[in-house]
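**Student:** Before I ask anything, here is the structure I am working with.
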Amino acid sequence: MSTQGFILKIACPDRPGIVHAVSHFLFTETANILDSAQFSDTFTNRFFMRVHFAQTTQALNLEQLKSSFAAVGQQFQMDWELFDAASKPKVLIMVSKLGHCLNDLLFRTHSGYLPIEIAGIVSNHQDFEGLAKTYNIPFHHMPLSSATDVRKDEQEQQLLQLIDQKKIDLVVLARYMQILSPKVCEKLSGKAINIHHSFLPSFKGAKPYWQAHQRGVKLIGATAHYVTTDLDEGPIIEQGVERVDHSMDPEQLAAVGRDVECMALSRAVRWHAEHRILLNGKSTVVFQ
């Protein structure tokens with residue numbers, strides 16, 4: 001993805017003239033469209049658009065562009081956002097005791113494959129404190145158990161304070177095995193991504209891969225979605241799947257599942273960072 005210019009995201013009632021109005025606005029601002037994607041949902045009668053553009057003869061200012069575009073947005077009843085394409089979102093990763101997704105995100109970001117800035121790692125365990133240090137990323141241990149006598153509301157208040165303090169743009173639940181309260185889910189609406197295996201709701205509990213092995217599953221999958229108050233039922237961003245067979249034991253199935261989870265989550269984070277996702281009710285529009 002090019003990091004020059006700006007990205008405009010639009011969602012509004014579908015009607016004639018939207019594309020013309022946006023294009024005319026960019027023309028008057030002497031902007032050049034680098035790429036553009038649009039979608040009309042005939043079921044919801046909503047129109048979605050993502051435009052990546054850059055300056056041509058004059059230096060464009062983000063705040064000035066927002067002020068100038070406001071009239072267009074009001075005319076077409078748009079929900080719109082405008083971003084600097086070069087700005088990397090600040091990400092907070094949350095993890096428990098399964099570190100495959102965390103390790104994958106750290107490597108991809110460090111290697112330049114993910115356009116994000118990881119501002120910190122939060123965990124209710126201390127298992128990955130050493131890993132965080134190797135990447136020089138702040139590690140925040142926020143225990144949550146009867147042994148430590150830390151109540152969930154107190155721990156989540158710490159979390160929200162950290163999010164505000166670090167000005168976090170996106171929270172990634174990289175196999176964080178705690179349920180967020182409705183208060184936190186609402187605070188992070190559209191700004192928190194979760195990953196889980198796609199056996200739900202068929203195989204619940206602590207040993208889903210053992211259950212799947214006993215039933216002879218032929219597909220292993222993973223789902224990345226936005227976090228909502230409905231547990232594991234938020235708008236889906238990305239899903240992955242791999243075929244398996246009878247020769248594989250539960251641990252081999254779990255290994256395939258870990259790989260699929262890493263791929264699905266990294267794609268979801270990338271698309272969010274590149275402003276390619278627009279919410280469409282309980283669903284999403286993803287301009288890949």
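Every chain in the structure tokens has a letter given in the order shown (A, B, ...), and although residue numbers restart at 1 in each chain, ligands are simply numbered from 1 in the order shown.
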Write out as CSV a residue-level contact list of segment 217-240 of chain A versus segment 177-194 of chain A with cut-off 10 Å: for each qualifying residue the closest pair of atoms and the distance in Å to one decimal, counting only C-alpha atoms, rows sorted by chain and residue number upward.
**Tutor:**
residue,atom,partner,partner_atom,distance
A:Thr223,CA,A:Asn194,CA,8.2
A:Ala224,CA,A:Asn194,CA,5.6
A:His225,CA,A:Asn194,CA,5.5
A:Tyr226,CA,A:Ile193,CA,4.5
A:Val227,CA,A:Ala192,CA,5.5
A:Thr228,CA,A:Cys185,CA,5.4
A:Thr229,CA,A:Pro182,CA,5.2
A:Asp230,CA,A:Pro182,CA,8.7
A:Leu231,CA,A:Ile179,CA,7.8
A:Asp232,CA,A:Asn194,CA,8.0
A:Gly234,CA,A:Asn194,CA,8.9
A:Pro235,CA,A:Gly190,CA,9.1
A:Ile236,CA,A:Ile193,CA,9.5
A:Ile237,CA,A:Ile193,CA,8.7
**Student:** Can I get the selection written as a short mmCIF file (atom, residue, chain, number, x, y, z; two decimals), in the first residue's frame, with N, CA and C atoms?
**Tutor:**
data_model
loop_
_atom_site.label_atom_id
_atom_site.label_comp_id
_atom_site.auth_asym_id
_atom_site.auth_seq_id
_atom_site.Cartn_x
_atom_site.Cartn_y
_atom_site.Cartn_z
N THR A 223 -11.90 -17.23 12.62
CA THR A 223 -12.69 -16.04 12.33
C THR A 223 -12.13 -14.83 13.07
N ALA A 224 -11.89 -13.75 12.35
CA ALA A 224 -11.50 -12.47 12.94
C ALA A 224 -12.68 -11.52 12.81
N HIS A 225 -13.05 -10.90 13.91
CA HIS A 225 -14.24 -10.04 13.90
C HIS A 225 -14.08 -8.89 14.88
N TYR A 226 -14.90 -7.88 14.71
CA TYR A 226 -14.92 -6.78 15.67
C TYR A 226 -15.61 -7.24 16.95
N VAL A 227 -15.14 -6.72 18.06
CA VAL A 227 -15.68 -7.08 19.36
C VAL A 227 -16.97 -6.31 19.63
N THR A 228 -17.99 -7.03 20.07
CA THR A 228 -19.25 -6.41 20.49
C THR A 228 -19.69 -7.05 21.80
N THR A 229 -20.79 -6.57 22.33
CA THR A 229 -21.31 -7.15 23.57
C THR A 229 -21.87 -8.54 23.35
N ASP A 230 -22.15 -8.92 22.10
CA ASP A 230 -22.57 -10.28 21.78
C ASP A 230 -21.31 -11.13 21.61
N LEU A 231 -21.05 -12.02 22.55
CA LEU A 231 -19.81 -12.79 22.59
C LEU A 231 -19.56 -13.55 21.29
N ASP A 232 -18.41 -13.27 20.65
CA ASP A 232 -17.96 -13.96 19.43
C ASP A 232 -18.94 -13.82 18.27
N GLY A 234 -19.54 -10.57 16.71
CA GLY A 234 -19.38 -9.25 16.12
C GLY A 234 -19.22 -9.33 14.61
N PRO A 235 -19.29 -8.19 13.92
CA PRO A 235 -19.15 -8.15 12.46
C PRO A 235 -17.86 -8.83 12.00
N ILE A 236 -17.98 -9.78 11.09
CA ILE A 236 -16.85 -10.58 10.64
C ILE A 236 -16.01 -9.79 9.64
N ILE A 237 -14.70 -9.79 9.85
CA ILE A 237 -13.76 -9.11 8.96
C ILE A 237 -13.12 -10.10 8.00
#
**Student:** When you look at segment 268-272 of chain A with a cut-off of 12 Å (counting only C-alpha atoms), what residues show up, excluding the ones that are within fewer than 5 positions of it in the same chain? I need them as a ChimeraX atom specification.
**Tutor:** /A:1,9,88-93,101,104-105,108-109,112-118,169-174,190-195,222-226,235-240,261-263,277-279,284-288
**Student:** Name the residues of segment 72-170 of chain A that fall into strand (DSSP E or B) according to DSSP on the backbone, using the chain letters and numbers of this document, as a list in words.
**Tutor:** Asp79, Trp80, Glu81, Leu82, Phe83, Asp84, Lys90, Val91, Leu92, Ile93, Met94, Val95, Glu117, Ile118, Ala119, Gly120, Ile121, Val122, Ser123, Phe139, His140, His141 and Leu170 of chain A
**Student:** So the first atom is atom CA of Arg50 of chain A and the second is atom CA of Leu8 of chain A; what is the distance between them in Å, to one decimal place?
**Tutor:** 5.6 Å
**Student:** Please identify all polymer residues within 12 Å of Gln165 of chain A, counting only C-alpha atoms, omitting same-chain residues fewer than 5 positions from it, and present them as a list in words.
**Tutor:**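 Counting only the stated atoms, we get Lys90, Leu92, Ala119, Gly120, Gln158, Leu159 and Leu160 of chain A.
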**Student:** Find the residues around Asp35 of chain A up to 8 Å (only C-alpha atoms counted), leave out those fewer than 2 positions away in its own chain, and share them as a PyMOL selection string.
**Tutor:** chain A and resi 33+37+51-53
**Student:** The selected residues should be written to file as a PDB file, in the first residue's frame (atoms: C-alpha atoms).
**Tutor:**
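Wrote it out as selection-v1.pdb, contents follow:
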ATOM      1  CA  ILE A  33      -7.174   9.692  -7.161  1.00  0.00           C
ATOM      2  CA  ALA A  37     -13.513   1.221  -4.633  1.00  0.00           C
ATOM      3  CA  VAL A  51     -10.870   6.640  -2.040  1.00  0.00           C
ATOM      4  CA  HIS A  52      -7.107   6.954  -1.781  1.00  0.00           C
ATOM      5  CA  PHE A  53      -5.871  10.262  -3.192  1.00  0.00           C
TER       6      PHE A  53
END
**Student:** Would you mind telling me which residue in A:Phe27, A:Gly5, A:Phe43, A:Phe107 lies nearest to Leu60 of chain A when using only C-alpha atoms?
**Tutor:**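 Between A:Phe27, A:Gly5, A:Phe43, A:Phe107, the residue approaching Leu60 of chain A most closely is A:Gly5.
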**Student:** Looking only at helix (DSSP H, G or I) from DSSP on the backbone, list the matching residues of segment 153-248 of chain A as a ChimeraX atom specification.
**Tutor:** /A:153-166,182-187,208-215
**Student:** With only C-alpha atoms as the counted atoms, please give the residues lying no more than 12 Å from Ala71 of chain A, apart from itself and same-chain residues fewer than 5 positions off, as a ChimeraX atom specification.
**Tutor:** /A:21-22,25,65-66,76-78,80
**Student:** Output all heavy atoms of each residue in that selection to a file, as a PDB file, in the first residue's frame.
**Tutor:**
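What follows is the written file again17.pdb:
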ATOM      1  N   ALA A  21     -20.092  13.725  -6.832  1.00  0.00           N
ATOM      2  CA  ALA A  21     -19.832  14.756  -5.823  1.00  0.00           C
ATOM      3  C   ALA A  21     -18.451  14.583  -5.202  1.00  0.00           C
ATOM      4  O   ALA A  21     -17.719  15.564  -4.994  1.00  0.00           O
ATOM      5  CB  ALA A  21     -20.909  14.710  -4.747  1.00  0.00           C
ATOM      6  N   VAL A  22     -18.083  13.343  -4.911  1.00  0.00           N
ATOM      7  CA  VAL A  22     -16.779  13.078  -4.311  1.00  0.00           C
ATOM      8  C   VAL A  22     -15.669  13.410  -5.309  1.00  0.00           C
ATOM      9  O   VAL A  22     -14.675  14.065  -4.971  1.00  0.00           O
ATOM     10  CB  VAL A  22     -16.676  11.608  -3.855  1.00  0.00           C
ATOM     11  CG1 VAL A  22     -15.242  11.285  -3.401  1.00  0.00           C
ATOM     12  CG2 VAL A  22     -17.661  11.327  -2.729  1.00  0.00           C
ATOM     13  N   PHE A  25     -15.313  17.142  -5.741  1.00  0.00           N
ATOM     14  CA  PHE A  25     -14.642  17.738  -4.582  1.00  0.00           C
ATOM     15  C   PHE A  25     -13.129  17.568  -4.690  1.00  0.00           C
ATOM     16  O   PHE A  25     -12.363  18.521  -4.486  1.00  0.00           O
ATOM     17  CB  PHE A  25     -15.151  17.096  -3.289  1.00  0.00           C
ATOM     18  CG  PHE A  25     -14.301  17.428  -2.095  1.00  0.00           C
ATOM     19  CD1 PHE A  25     -14.420  18.644  -1.452  1.00  0.00           C
ATOM     20  CD2 PHE A  25     -13.364  16.510  -1.620  1.00  0.00           C
ATOM     21  CE1 PHE A  25     -13.615  18.966  -0.355  1.00  0.00           C
ATOM     22  CE2 PHE A  25     -12.566  16.813  -0.525  1.00  0.00           C
ATOM     23  CZ  PHE A  25     -12.693  18.043   0.103  1.00  0.00           C
ATOM     24  N   LEU A  65      -9.011  19.735   4.645  1.00  0.00           N
ATOM     25  CA  LEU A  65      -9.810  18.833   3.813  1.00  0.00           C
ATOM     26  C   LEU A  65     -11.069  18.390   4.538  1.00  0.00           C
ATOM     27  O   LEU A  65     -12.161  18.334   3.951  1.00  0.00           O
ATOM     28  CB  LEU A  65      -8.976  17.611   3.418  1.00  0.00           C
ATOM     29  CG  LEU A  65      -7.935  17.819   2.318  1.00  0.00           C
ATOM     30  CD1 LEU A  65      -7.034  16.597   2.213  1.00  0.00           C
ATOM     31  CD2 LEU A  65      -8.612  18.100   0.979  1.00  0.00           C
ATOM     32  N   LYS A  66     -10.944  18.062   5.809  1.00  0.00           N
ATOM     33  CA  LYS A  66     -12.115  17.660   6.595  1.00  0.00           C
ATOM     34  C   LYS A  66     -13.144  18.782   6.638  1.00  0.00           C
ATOM     35  O   LYS A  66     -14.348  18.555   6.473  1.00  0.00           O
ATOM     36  CB  LYS A  66     -11.694  17.286   8.015  1.00  0.00           C
ATOM     37  CG  LYS A  66     -10.974  15.963   8.130  1.00  0.00           C
ATOM     38  CD  LYS A  66     -10.625  15.670   9.585  1.00  0.00           C
ATOM     39  CE  LYS A  66      -9.944  14.315   9.739  1.00  0.00           C
ATOM     40  NZ  LYS A  66      -9.600  14.025  11.155  1.00  0.00           N
ATOM     41  N   PHE A  76     -25.212  14.443   1.489  1.00  0.00           N
ATOM     42  CA  PHE A  76     -25.562  13.057   1.180  1.00  0.00           C
ATOM     43  C   PHE A  76     -25.743  12.189   2.434  1.00  0.00           C
ATOM     44  O   PHE A  76     -25.794  10.969   2.327  1.00  0.00           O
ATOM     45  CB  PHE A  76     -24.489  12.440   0.273  1.00  0.00           C
ATOM     46  CG  PHE A  76     -24.484  13.003  -1.124  1.00  0.00           C
ATOM     47  CD1 PHE A  76     -23.703  14.107  -1.442  1.00  0.00           C
ATOM     48  CD2 PHE A  76     -25.278  12.452  -2.114  1.00  0.00           C
ATOM     49  CE1 PHE A  76     -23.695  14.633  -2.730  1.00  0.00           C
ATOM     50  CE2 PHE A  76     -25.277  12.972  -3.401  1.00  0.00           C
ATOM     51  CZ  PHE A  76     -24.495  14.065  -3.715  1.00  0.00           C
ATOM     52  N   GLN A  77     -25.863  12.833   3.590  1.00  0.00           N
ATOM     53  CA  GLN A  77     -26.081  12.116   4.858  1.00  0.00           C
ATOM     54  C   GLN A  77     -25.010  11.040   5.067  1.00  0.00           C
ATOM     55  O   GLN A  77     -25.314   9.891   5.410  1.00  0.00           O
ATOM     56  CB  GLN A  77     -27.469  11.484   4.891  1.00  0.00           C
ATOM     57  CG  GLN A  77     -28.615  12.489   4.787  1.00  0.00           C
ATOM     58  CD  GLN A  77     -29.956  11.792   4.727  1.00  0.00           C
ATOM     59  OE1 GLN A  77     -30.381  11.310   3.681  1.00  0.00           O
ATOM     60  NE2 GLN A  77     -30.623  11.717   5.863  1.00  0.00           N
ATOM     61  N   MET A  78     -23.770  11.423   4.866  1.00  0.00           N
ATOM     62  CA  MET A  78     -22.666  10.465   4.936  1.00  0.00           C
ATOM     63  C   MET A  78     -22.150  10.269   6.349  1.00  0.00           C
ATOM     64  O   MET A  78     -22.062  11.209   7.134  1.00  0.00           O
ATOM     65  CB  MET A  78     -21.492  10.954   4.081  1.00  0.00           C
ATOM     66  CG  MET A  78     -21.738  10.985   2.597  1.00  0.00           C
ATOM     67  SD  MET A  78     -20.283  11.671   1.733  1.00  0.00           S
ATOM     68  CE  MET A  78     -20.819  11.551   0.025  1.00  0.00           C
ATOM     69  N   TRP A  80     -18.659   9.568   7.363  1.00  0.00           N
ATOM     70  CA  TRP A  80     -17.389   9.595   6.642  1.00  0.00           C
ATOM     71  C   TRP A  80     -16.216   9.854   7.585  1.00  0.00           C
ATOM     72  O   TRP A  80     -16.378  10.449   8.652  1.00  0.00           O
ATOM     73  CB  TRP A  80     -17.404  10.657   5.538  1.00  0.00           C
ATOM     74  CG  TRP A  80     -17.604  12.069   6.027  1.00  0.00           C
ATOM     75  CD1 TRP A  80     -18.787  12.687   6.301  1.00  0.00           C
ATOM     76  CD2 TRP A  80     -16.572  13.021   6.325  1.00  0.00           C
ATOM     77  NE1 TRP A  80     -18.570  13.976   6.737  1.00  0.00           N
ATOM     78  CE2 TRP A  80     -17.218  14.207   6.758  1.00  0.00           C
ATOM     79  CE3 TRP A  80     -15.191  12.997   6.243  1.00  0.00           C
ATOM     80  CZ2 TRP A  80     -16.507  15.344   7.130  1.00  0.00           C
ATOM     81  CZ3 TRP A  80     -14.470  14.131   6.614  1.00  0.00           C
ATOM     82  CH2 TRP A  80     -15.142  15.292   7.047  1.00  0.00           C
TER      83      TRP A  80
END
**Student:** May I ask for the distance between atom CA of Val122 of chain A and atom CA of Met142 of chain A, given in Å to one decimal place?
**Tutor:**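 If I compute the distance from atom CA of Val122 of chain A to atom CA of Met142 of chain A, I get 6.8 Å.
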**Student:** Select, from A:Ser283, A:Glu81, A:His213, A:Glu129, the residue with the minimum atom-to-atom distance to Thr44 of chain A, counting only C-alpha atoms.
**Tutor:**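 Of A:Ser283, A:Glu81, A:His213, A:Glu129, the one nearest Thr44 of chain A, counting only C-alpha atoms, is A:Ser283.
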